[in-house]
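Asker: Below is the structure I would like to discuss, written out as structure tokens.
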Amino acid sequence: MFDKVEKNPDFAKLELKVLEKWEQNDIMKRSMEQHRGADKFTFYEGPPTANGMPHPGHVLTRVMKDVFLRYRSMRGFDVLRKAGWDTHGLPVEIAVEKELGIDGKADIEKFGVAEFIAKCRESVFKYEKEWRKMTERVGFWVDLDDPYVTCQNNYIESVWWILKRYWDEGLLYKGHKVVPQCPSCETAQSSHEIAQGYREVEDPSVFVRMRVKGSPDTSFLVWTTTPWTLISNVAIALGAGLDYAKVKYKDEYLILAEGRLPAVFGEENYEVAERYKGADLEGTEYEPLYTFCAPEKKAHYAILGDFVTIEDGTGIVHIAPAFGEDDYQVGIKFDLPFLQPVDTKGRFTSEVTPWAGLFVKDADAGIIEELRERGILYRSEGYVHTYPFCWRCHSPIVYYARHSWFIRTTAYKDTMLEVNDSINWIPEHIRKGRMGDFLENNIDWAVSRDRYWGTPLNLWICEADESHVLSVDSAADLKAHALDYPDGELDLHRPYVDAIHCKCPQCGARMSRTPEVIDCWLDSGAMPVAQWHYPHENKDVFDSLFPADFITEAIDQTRGWFYSLMAISSFLFKKSPFKSCLVLGHVLAEDGSKMSKHLGNYLDMDVVFDRFGADAFRWVFYRDNNPWLPTRFSERALEEAHKNFFLTLWNIYSFFVIYANIDEFEPAEHEVGADALDASDRWALSRLNSAVALIKENMDAFQVTPAARAIEALVDDISNWYVRRCRPRFWKSEKDDDKWAAYSTLREILVTISKLLAPFAPFTAEVIYSNLARDTKRDKAEDSVHLAAFPEPDSSLINAGLEEAMEFVRDLCNEGRSLRNKKQVKVRQPLQRIFIRLKEGKLRDGIAPLKDMLTDELNIRDIAFIDSFDDLMCVSLKPNYKKLGPKYGKDLKAIEEYFKTLEDHAGACPSYFNDGRLDVEIGGSKFEFVEGDLEQVKTPSPDYLVGETVALDMRLTPELIRAGRARELVHKIQNLRKEMDLDYAARINIAYSCGPDLNEIFGDPALAEYIMKETLAVSLDCLLQDADADAARFDIDGVACGVKLSVSN
RNA sequence: GGGUGAUUAGCUCAGUUGGUUAGAGCGCAUCCCUGAUAAGGAUGAGGUCGGUGGUUCGACUCCACUAUCACCCA
């Protein structure tokens, strides 16, 4: 016996029970341990941060990880599911600042760094409980009890080891990074801070002359909106392919982009003297504007840059590497000097004598005036643009180069490109697109942060000579060099690590740590090694689990985690840290907008879990849309998944259990041989195994959506064809091999579907499997579907010809139904014959074993195969207007009418068909028609309904009519049973009364037996009194009829 | 401003290397079936495949431009 199945289950409740079962039986651990030592399928968890609430987007990544891990696990791979948490970084600090009601680095120092760090550590796991709850509820199996955590000492030591490797290779260096800086708060701002402070303002814009060296009457005309940066000018940039002109203007020559001439000169007179491409001018030197700072390298010449446009200005861009990101990169590329006569408060330093101590933007007016006096200024005007301001104090932001530590990723860019080529990106366009493009334009990785809560940079600088630098790779290494290492274990965070001083290995002087912490992306990118405390421990573990076979995260990680993983592993191991990467699109709100806490435009996850369950939640992500596309997430999608897929599957399951229990079907006891299977069983098993092959193939290629859709299509076919067609086999009274074949087949299908479904909808699959799985010759029942093996396609059961024939039969049924539908002939009315026109003969043999399905489905007695439907058509005649018009003129109307009303053209006008001549009398006049006067038109005979491939014989014999009425009666009586809420198996007595035409039905022994059998009646008698008020009265083809049912004891 | 992706029925999506009449599901309308029954099935309506231009005997498909949306980066 199988457990009774609820008709309309609460999936959420079932899932909670499944969770309990997993917990009690330790299923997750057992599934992980089951294949220990087998081939590994290695997965790396991209660490989420647990200092924010999870939302549906996080569910997507978690279930996408889960489906492949479960799949590989069932395929027999050894799958390790180590969780991880990303814990460091600015967002954590900001959240703590907010919580403490403090703001900025000064406040943090005042509050106390040690106390602040403690708060950060605490806050990191603020939402760990919610994350754990979501993770467990959604069925993501990951080992949350043994995660890697980026802020633990062991982890930091591994990161230090990586940094030391970079240092030893000479790839870690100190440089400058241009950052937006608030001159008043004296801190750099992050991009999201900048984004909220843009305002439209008017700034001065100036056109200045840069005089070409050696030709005092010729100048480059340069435009800028930040006159104060001209003091630090070291070069000018031109577009290589842009057109430039030297124009004569008054008594001098000016060089600028030809396309800007009208905009710059307007109505004024000028003459083009010479034309160049930007490339022709490369290297041209010019006189420096200022000499406050002496450049230590070659400067003041024209270079080429692809960022130069002719949209505004003069097509010549002034370059000051200290004050712009583009400028800085150009400076690196051309090895230009770096002039920064500005302090961190945005004031000119003492060497800029006229404006020393003045805030740079306040110096603009004076600078312009001075340039005018020297005749350098060509023009100055106001320029309206958006400019960032500090969101705290509203001071104008200044772009400013700060000291920063860099990893020279550009040194091994080619390795990264090779690594990128070796990765199986899904979708593929990431390789050449987003990631490839990013790598091609790779710049050195700025890894240091002037903050507190992060992995401290492991560099100690000699106080006697700052070129003496010590890099350590572990606490022990540090201790070995330290002068003041404390007893016991040291927390490797600031401020504790700042307090350690070392002895310089080169000169013996004291060394102090450089104060920076590092970018938390370096933490997460280090996880392949750091999660194992490699190389300090677990070398063999690491070796066996590198690289990962598979990772998946959302697309924003392209430049985040995917990059940091690749950058680090390309350096350390010269190979990719992962083989396949599924890049997920974002989850959007129902209207296609971004989900945001602020707008509250997404469904509460607990509500989703309670109303639809985790499986529906998961299914929507797998089935609706390929995972790399943005997915709109809506209640409607969940409802559709629930109704369309889960309820359909549940109906099959419930149907099976109801009847299997009635018949006391026992899988092991009632196993049947292959010869007991009928055509529909063989079809269903073939269909099943074809689906298994397809699903496996897709899952192996990380194509989750085609796989999910294949399951859905399979379930639909089983429900709406196999079960639908086989119902009578289940409810017939004989317990013969045919019945057991049907039960065995359907159970086998359901158990296999539960295994196929297990990676996708682990809860529903578990419920079905737990109830239906039994030890049989073919299969063994496990404690959980997740301990079972993923189905293998059995090619001996796949019969492509049968599947094709069945497909054809289903098409024929549809066409037959369509024909009946058009003529409003109910299926209840049996018809004598169906004609099937076969274009090719091969299907005839294929459908032979399936023909009962066709006749039964369409309620038709016989099948006839014919080559052509011509015999089912009548040929009628129609006037050829073109010929008859001139011949008969206005009589044509009468002729037209005559042929229209003529019923049997062939019978009435044989001579025309035989030799093309016809004489008729119409309305008293005689007409003569010769060949071509009449057109032959084929129309279906009224006796047939003719379609493309199918035709139906519509002629009804009295016998067919009686049969139709009998079936109509059965239908009515079944409805009465339903209305009376009778048990499926209840036997009834039928009392009827009826008019004469119906008497012959009740009186016909065969029909009466048919009615009794179908309605489970034990008696059928003409006992009903006309006056009986309890009887049901209806009308069969216009004849009154009364019926009364009573339950038989 | 640059890059990437998307745009096909009212909604959510398919559409293989270019090839007859562009397909599903939901919703809608009509009908059917009814011992899976608060289910199920069929039929139908609904499309200038975002727009413009090009290549081709032929374009949803290839190319160019363009519009809108999203993401990433400046």
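Order determines the names: the first chain of the structure tokens is A, the second B, and so forth; residues in each chain are numbered 1 upward, and ligands are numbered 1 upward as they are shown.
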Show me, as a ChimeraX atom specification, the residues that have an atom within 7 Å of segment 32-36 of chain A when counting only C-alpha atoms (C1' of nucleotides), minus same-chain residues fewer than 6 positions from it.

Answerer: /A:76-80

Asker: Produce a file of the selected residues containing N, CA and C atoms, as an mmCIF file, in the first residue's frame.

Answerer:
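Result written to out.cif:
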data_model
loop_
_atom_site.group_PDB
_atom_site.id
_atom_site.type_symbol
_atom_site.label_atom_id
_atom_site.label_comp_id
_atom_site.auth_asym_id
_atom_site.auth_seq_id
_atom_site.Cartn_x
_atom_site.Cartn_y
_atom_site.Cartn_z
ATOM 1 N N GLY A 76 26.924 10.558 -9.117
ATOM 2 C CA GLY A 76 27.973 9.748 -8.504
ATOM 3 C C GLY A 76 29.274 10.482 -8.273
ATOM 4 N N PHE A 77 29.279 11.800 -8.481
ATOM 5 C CA PHE A 77 30.507 12.547 -8.222
ATOM 6 C C PHE A 77 30.643 12.850 -6.733
ATOM 7 N N ASP A 78 31.888 13.035 -6.316
ATOM 8 C CA ASP A 78 32.180 13.473 -4.958
ATOM 9 C C ASP A 78 32.089 14.999 -4.964
ATOM 10 N N VAL A 79 31.045 15.494 -4.329
ATOM 11 C CA VAL A 79 30.789 16.934 -4.368
ATOM 12 C C VAL A 79 30.958 17.531 -2.980
ATOM 13 N N LEU A 80 31.884 18.455 -2.861
ATOM 14 C CA LEU A 80 32.072 19.130 -1.579
ATOM 15 C C LEU A 80 31.308 20.449 -1.626
#

Asker: Quick one: DSSP strand (DSSP E or B) residues in segment 864-1005 of chain A, as a PyMOL selection string?

Answerer: chain A and resi 864-866+873-879+918-922+925-929+934-940+944-946+950-953+988-994

Asker: For chain A, work out the contacting residues on chain B at 12 Å, counting only C-alpha atoms (C1' of nucleotides), and write them as a VMD selection string.

Answerer: chain B and resid 1 to 6 11 to 14 24 to 27 30 to 44 69 to 74

Asker: Using only C-alpha atoms (C1' of nucleotides), which residues sit within 12 Å of U61 of chain B once same-chain residues fewer than 2 positions away are excluded, as a list in words?

Answerer: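 Surrounding residues, per the criterion: U8, G15, U16, U17, G18, G19, A22, C49 and A59 of chain B.
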
Asker: Could you please take those selected residues and save N, CA, C and O atoms (P, O5', C5', C4', C3', O3' and C1' of nucleotides) as a PDB file, in the first residue's frame?

Answerer:
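That gives us selection-v2.pdb:
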ATOM      1  P     U B   8       9.326  41.503 -27.732  1.00  0.00           P
ATOM      2  O5'   U B   8       9.344  40.670 -29.077  1.00  0.00           O
ATOM      3  C5'   U B   8       8.861  41.253 -30.277  1.00  0.00           C
ATOM      4  C4'   U B   8       8.328  40.184 -31.192  1.00  0.00           C
ATOM      5  C3'   U B   8       7.216  39.336 -30.601  1.00  0.00           C
ATOM      6  O3'   U B   8       5.966  39.987 -30.669  1.00  0.00           O
ATOM      7  C1'   U B   8       8.808  37.912 -31.572  1.00  0.00           C
ATOM      8  P     G B  15      15.502  29.367 -28.878  1.00  0.00           P
ATOM      9  O5'   G B  15      14.961  29.284 -30.371  1.00  0.00           O
ATOM     10  C5'   G B  15      14.727  28.016 -30.972  1.00  0.00           C
ATOM     11  C4'   G B  15      13.986  28.203 -32.272  1.00  0.00           C
ATOM     12  C3'   G B  15      14.666  29.122 -33.296  1.00  0.00           C
ATOM     13  O3'   G B  15      15.656  28.459 -34.027  1.00  0.00           O
ATOM     14  C1'   G B  15      12.407  29.724 -33.094  1.00  0.00           C
ATOM     15  P     U B  16      16.890  29.213 -34.577  1.00  0.00           P
ATOM     16  O5'   U B  16      17.551  28.233 -35.651  1.00  0.00           O
ATOM     17  C5'   U B  16      18.948  28.177 -35.723  1.00  0.00           C
ATOM     18  C4'   U B  16      19.466  26.948 -35.001  1.00  0.00           C
ATOM     19  C3'   U B  16      20.206  25.956 -35.928  1.00  0.00           C
ATOM     20  O3'   U B  16      21.626  26.084 -35.728  1.00  0.00           O
ATOM     21  C1'   U B  16      18.418  24.853 -34.825  1.00  0.00           C
ATOM     22  P     U B  17      22.391  27.438 -35.836  1.00  0.00           P
ATOM     23  O5'   U B  17      22.097  27.924 -37.327  1.00  0.00           O
ATOM     24  C5'   U B  17      23.030  28.801 -37.936  1.00  0.00           C
ATOM     25  C4'   U B  17      23.660  28.162 -39.125  1.00  0.00           C
ATOM     26  C3'   U B  17      23.016  28.498 -40.480  1.00  0.00           C
ATOM     27  O3'   U B  17      23.402  29.761 -40.952  1.00  0.00           O
ATOM     28  C1'   U B  17      23.525  26.187 -40.358  1.00  0.00           C
ATOM     29  P     G B  18      22.561  30.439 -42.090  1.00  0.00           P
ATOM     30  O5'   G B  18      21.075  30.003 -41.713  1.00  0.00           O
ATOM     31  C5'   G B  18      20.221  30.792 -40.977  1.00  0.00           C
ATOM     32  C4'   G B  18      19.061  31.284 -41.815  1.00  0.00           C
ATOM     33  C3'   G B  18      18.389  30.240 -42.689  1.00  0.00           C
ATOM     34  O3'   G B  18      16.990  30.441 -42.618  1.00  0.00           O
ATOM     35  C1'   G B  18      19.013  32.098 -43.981  1.00  0.00           C
ATOM     36  P     G B  19      16.077  29.182 -42.323  1.00  0.00           P
ATOM     37  O5'   G B  19      15.293  28.989 -43.687  1.00  0.00           O
ATOM     38  C5'   G B  19      14.343  29.962 -44.110  1.00  0.00           C
ATOM     39  C4'   G B  19      13.451  29.388 -45.173  1.00  0.00           C
ATOM     40  C3'   G B  19      13.165  27.894 -45.007  1.00  0.00           C
ATOM     41  O3'   G B  19      11.865  27.624 -45.494  1.00  0.00           O
ATOM     42  C1'   G B  19      14.254  28.257 -47.062  1.00  0.00           C
ATOM     43  P     A B  22       3.516  32.260 -41.162  1.00  0.00           P
ATOM     44  O5'   A B  22       4.072  31.463 -39.902  1.00  0.00           O
ATOM     45  C5'   A B  22       5.157  30.548 -40.015  1.00  0.00           C
ATOM     46  C4'   A B  22       5.984  30.589 -38.760  1.00  0.00           C
ATOM     47  C3'   A B  22       5.165  30.560 -37.463  1.00  0.00           C
ATOM     48  O3'   A B  22       4.924  29.224 -37.077  1.00  0.00           O
ATOM     49  C1'   A B  22       6.752  32.312 -37.375  1.00  0.00           C
ATOM     50  P     C B  49       7.172  42.074 -38.846  1.00  0.00           P
ATOM     51  O5'   C B  49       7.533  41.467 -37.427  1.00  0.00           O
ATOM     52  C5'   C B  49       7.567  42.264 -36.251  1.00  0.00           C
ATOM     53  C4'   C B  49       8.279  41.481 -35.194  1.00  0.00           C
ATOM     54  C3'   C B  49       9.800  41.619 -35.226  1.00  0.00           C
ATOM     55  O3'   C B  49      10.260  41.627 -33.891  1.00  0.00           O
ATOM     56  C1'   C B  49       9.204  39.353 -35.481  1.00  0.00           C
ATOM     57  P     A B  59      13.750  38.351 -48.076  1.00  0.00           P
ATOM     58  O5'   A B  59      14.309  37.383 -46.941  1.00  0.00           O
ATOM     59  C5'   A B  59      13.436  36.551 -46.171  1.00  0.00           C
ATOM     60  C4'   A B  59      13.762  36.688 -44.700  1.00  0.00           C
ATOM     61  C3'   A B  59      13.479  38.066 -44.115  1.00  0.00           C
ATOM     62  O3'   A B  59      13.115  37.919 -42.742  1.00  0.00           O
ATOM     63  C1'   A B  59      15.775  37.612 -43.935  1.00  0.00           C
TER      64        A B  59
END

Asker: Extract, using only C-alpha atoms (C1' of nucleotides), all DNA, RNA and protein residues at most 12 Å from Arg30 of chain A, discarding same-chain residues fewer than 5 positions from it, and format them as a PDB file with N, CA, C and O atoms, in the first residue's frame.

Answerer:
ATOM      1  N   TRP A  22      14.898  15.277   6.241  1.00  0.00           N
ATOM      2  CA  TRP A  22      16.324  15.398   5.900  1.00  0.00           C
ATOM      3  C   TRP A  22      17.147  15.551   7.168  1.00  0.00           C
ATOM      4  O   TRP A  22      18.202  14.952   7.322  1.00  0.00           O
ATOM      5  N   GLU A  23      16.636  16.413   8.026  1.00  0.00           N
ATOM      6  CA  GLU A  23      17.325  16.690   9.288  1.00  0.00           C
ATOM      7  C   GLU A  23      17.470  15.408  10.112  1.00  0.00           C
ATOM      8  O   GLU A  23      18.554  15.036  10.541  1.00  0.00           O
ATOM      9  N   GLN A  24      16.322  14.725  10.301  1.00  0.00           N
ATOM     10  CA  GLN A  24      16.332  13.538  11.164  1.00  0.00           C
ATOM     11  C   GLN A  24      17.215  12.431  10.609  1.00  0.00           C
ATOM     12  O   GLN A  24      17.851  11.689  11.360  1.00  0.00           O
ATOM     13  N   ASN A  25      17.214  12.295   9.290  1.00  0.00           N
ATOM     14  CA  ASN A  25      17.973  11.195   8.696  1.00  0.00           C
ATOM     15  C   ASN A  25      19.336  11.616   8.167  1.00  0.00           C
ATOM     16  O   ASN A  25      20.010  10.839   7.513  1.00  0.00           O
ATOM     17  N   HIS A  35      29.607   9.462  -1.955  1.00  0.00           N
ATOM     18  CA  HIS A  35      30.525   9.244  -3.069  1.00  0.00           C
ATOM     19  C   HIS A  35      31.930   9.749  -2.768  1.00  0.00           C
ATOM     20  O   HIS A  35      32.690  10.054  -3.690  1.00  0.00           O
ATOM     21  N   ARG A  36      32.253   9.876  -1.474  1.00  0.00           N
ATOM     22  CA  ARG A  36      33.620  10.263  -1.109  1.00  0.00           C
ATOM     23  C   ARG A  36      34.618   9.380  -1.825  1.00  0.00           C
ATOM     24  O   ARG A  36      34.475   8.152  -1.847  1.00  0.00           O
ATOM     25  N   SER A  73      25.950  15.202  -7.776  1.00  0.00           N
ATOM     26  CA  SER A  73      25.970  14.278  -6.657  1.00  0.00           C
ATOM     27  C   SER A  73      25.226  13.002  -7.027  1.00  0.00           C
ATOM     28  O   SER A  73      25.708  11.887  -6.808  1.00  0.00           O
ATOM     29  N   MET A  74      24.054  13.147  -7.631  1.00  0.00           N
ATOM     30  CA  MET A  74      23.283  11.971  -8.033  1.00  0.00           C
ATOM     31  C   MET A  74      23.965  11.208  -9.160  1.00  0.00           C
ATOM     32  O   MET A  74      23.757  10.015  -9.325  1.00  0.00           O
ATOM     33  N   ASP A  78      31.888  13.035  -6.316  1.00  0.00           N
ATOM     34  CA  ASP A  78      32.180  13.473  -4.958  1.00  0.00           C
ATOM     35  C   ASP A  78      32.089  14.999  -4.964  1.00  0.00           C
ATOM     36  O   ASP A  78      32.924  15.672  -5.564  1.00  0.00           O
ATOM     37  N   VAL A  79      31.045  15.494  -4.329  1.00  0.00           N
ATOM     38  CA  VAL A  79      30.789  16.934  -4.368  1.00  0.00           C
ATOM     39  C   VAL A  79      30.958  17.531  -2.980  1.00  0.00           C
ATOM     40  O   VAL A  79      30.255  17.144  -2.051  1.00  0.00           O
ATOM     41  N   LEU A  80      31.884  18.455  -2.861  1.00  0.00           N
ATOM     42  CA  LEU A  80      32.072  19.130  -1.579  1.00  0.00           C
ATOM     43  C   LEU A  80      31.308  20.449  -1.626  1.00  0.00           C
ATOM     44  O   LEU A  80      31.370  21.167  -2.609  1.00  0.00           O
ATOM     45  N   TRP A 141      21.760  22.907  -0.444  1.00  0.00           N
ATOM     46  CA  TRP A 141      22.602  22.100   0.424  1.00  0.00           C
ATOM     47  C   TRP A 141      24.039  22.588   0.368  1.00  0.00           C
ATOM     48  O   TRP A 141      24.754  22.375  -0.602  1.00  0.00           O
ATOM     49  N   GLU A 782      15.962   3.898  -2.080  1.00  0.00           N
ATOM     50  CA  GLU A 782      16.876   4.529  -1.136  1.00  0.00           C
ATOM     51  C   GLU A 782      16.071   5.260  -0.068  1.00  0.00           C
ATOM     52  O   GLU A 782      14.873   5.457  -0.212  1.00  0.00           O
ATOM     53  N   ASP A 783      16.766   5.701   0.963  1.00  0.00           N
ATOM     54  CA  ASP A 783      16.085   6.444   2.020  1.00  0.00           C
ATOM     55  C   ASP A 783      15.633   7.819   1.549  1.00  0.00           C
ATOM     56  O   ASP A 783      14.778   8.451   2.164  1.00  0.00           O
ATOM     57  N   SER A 784      16.252   8.275   0.492  1.00  0.00           N
ATOM     58  CA  SER A 784      15.891   9.593  -0.028  1.00  0.00           C
ATOM     59  C   SER A 784      16.182   9.592  -1.511  1.00  0.00           C
ATOM     60  O   SER A 784      17.120   8.926  -1.976  1.00  0.00           O
ATOM     61  N   VAL A 785      15.397  10.355  -2.239  1.00  0.00           N
ATOM     62  CA  VAL A 785      15.642  10.454  -3.675  1.00  0.00           C
ATOM     63  C   VAL A 785      17.030  11.043  -3.922  1.00  0.00           C
ATOM     64  O   VAL A 785      17.657  10.786  -4.943  1.00  0.00           O
ATOM     65  N   HIS A 786      17.516  11.800  -2.937  1.00  0.00           N
ATOM     66  CA  HIS A 786      18.814  12.455  -3.119  1.00  0.00           C
ATOM     67  C   HIS A 786      19.981  11.509  -2.854  1.00  0.00           C
ATOM     68  O   HIS A 786      21.131  11.881  -3.005  1.00  0.00           O
ATOM     69  N   LEU A 787      19.657  10.297  -2.453  1.00  0.00           N
ATOM     70  CA  LEU A 787      20.695   9.274  -2.329  1.00  0.00           C
ATOM     71  C   LEU A 787      20.641   8.320  -3.521  1.00  0.00           C
ATOM     72  O   LEU A 787      21.486   7.451  -3.675  1.00  0.00           O
ATOM     73  N   ALA A 788      19.626   8.509  -4.363  1.00  0.00           N
ATOM     74  CA  ALA A 788      19.467   7.635  -5.531  1.00  0.00           C
ATOM     75  C   ALA A 788      20.368   8.126  -6.663  1.00  0.00           C
ATOM     76  O   ALA A 788      20.838   9.258  -6.649  1.00  0.00           O
TER      77      ALA A 788
END

Asker: I need the residues in segment 401-535 of chain A that are alpha helix (DSSP H) according to DSSP; give them as a ChimeraX atom specification.

Answerer: /A:413-422,429-430,436-440,475-481,520-525,527-530

Asker: Quote the spacing between atom CA of Val497 of chain A and atom CA of Lys177 of chain A in Å to one decimal place.

Answerer: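 Result for atom CA of Val497 of chain A versus atom CA of Lys177 of chain A: 25.0 Å, one decimal.
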
Asker: Please report the interatomic distance between atom CA of Val360 of chain A and atom CA of Lys345 of chain A in Å with one decimal.

Answerer: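 One can read the atom CA of Val360 of chain A to atom CA of Lys345 of chain A distance as 9.5 Å.
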
Asker: How many Å separate atom CA of Lys972 of chain A from atom CA of Arg725 of chain A?

Answerer: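 About the pair atom CA of Lys972 of chain A and atom CA of Arg725 of chain A: they are 21.8 Å apart.
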
Asker: Can you tell me, as a list of chain:residue names, what residues are no more than 6 Å from segment 55-69 of chain A when counting only C-alpha atoms (C1' of nucleotides), ignoring any on the same chain fewer than 4 positions away?

Answerer: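 These residues fall inside the cut-off: A:Ser73, A:Phe140, A:Glu553, A:Val587, A:Pro759, A:Phe760.
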
Asker: Would you save the residues from that selection as a compact mmCIF listing (two decimals), in the first residue's frame, using C-alpha atoms?

Answerer:
# COMPACT_ATOMS: atom_id res chain seq x y z
CA SER A 73 25.97 14.28 -6.66
CA PHE A 140 20.38 24.78 -0.96
CA GLU A 553 27.24 34.04 -9.70
CA VAL A 587 16.28 39.20 -10.96
CA PRO A 759 17.96 18.43 -8.46
CA PHE A 760 15.34 20.99 -9.50

Asker: If we count only C-alpha atoms (C1' of nucleotides), what is near Thr314 of chain A at a cut-off of 10 Å, once residues fewer than 5 positions away on the same chain are taken out, given as a ChimeraX atom specification?

Answerer: /A:207,220-224,238,244,255-261,263-264,308-309
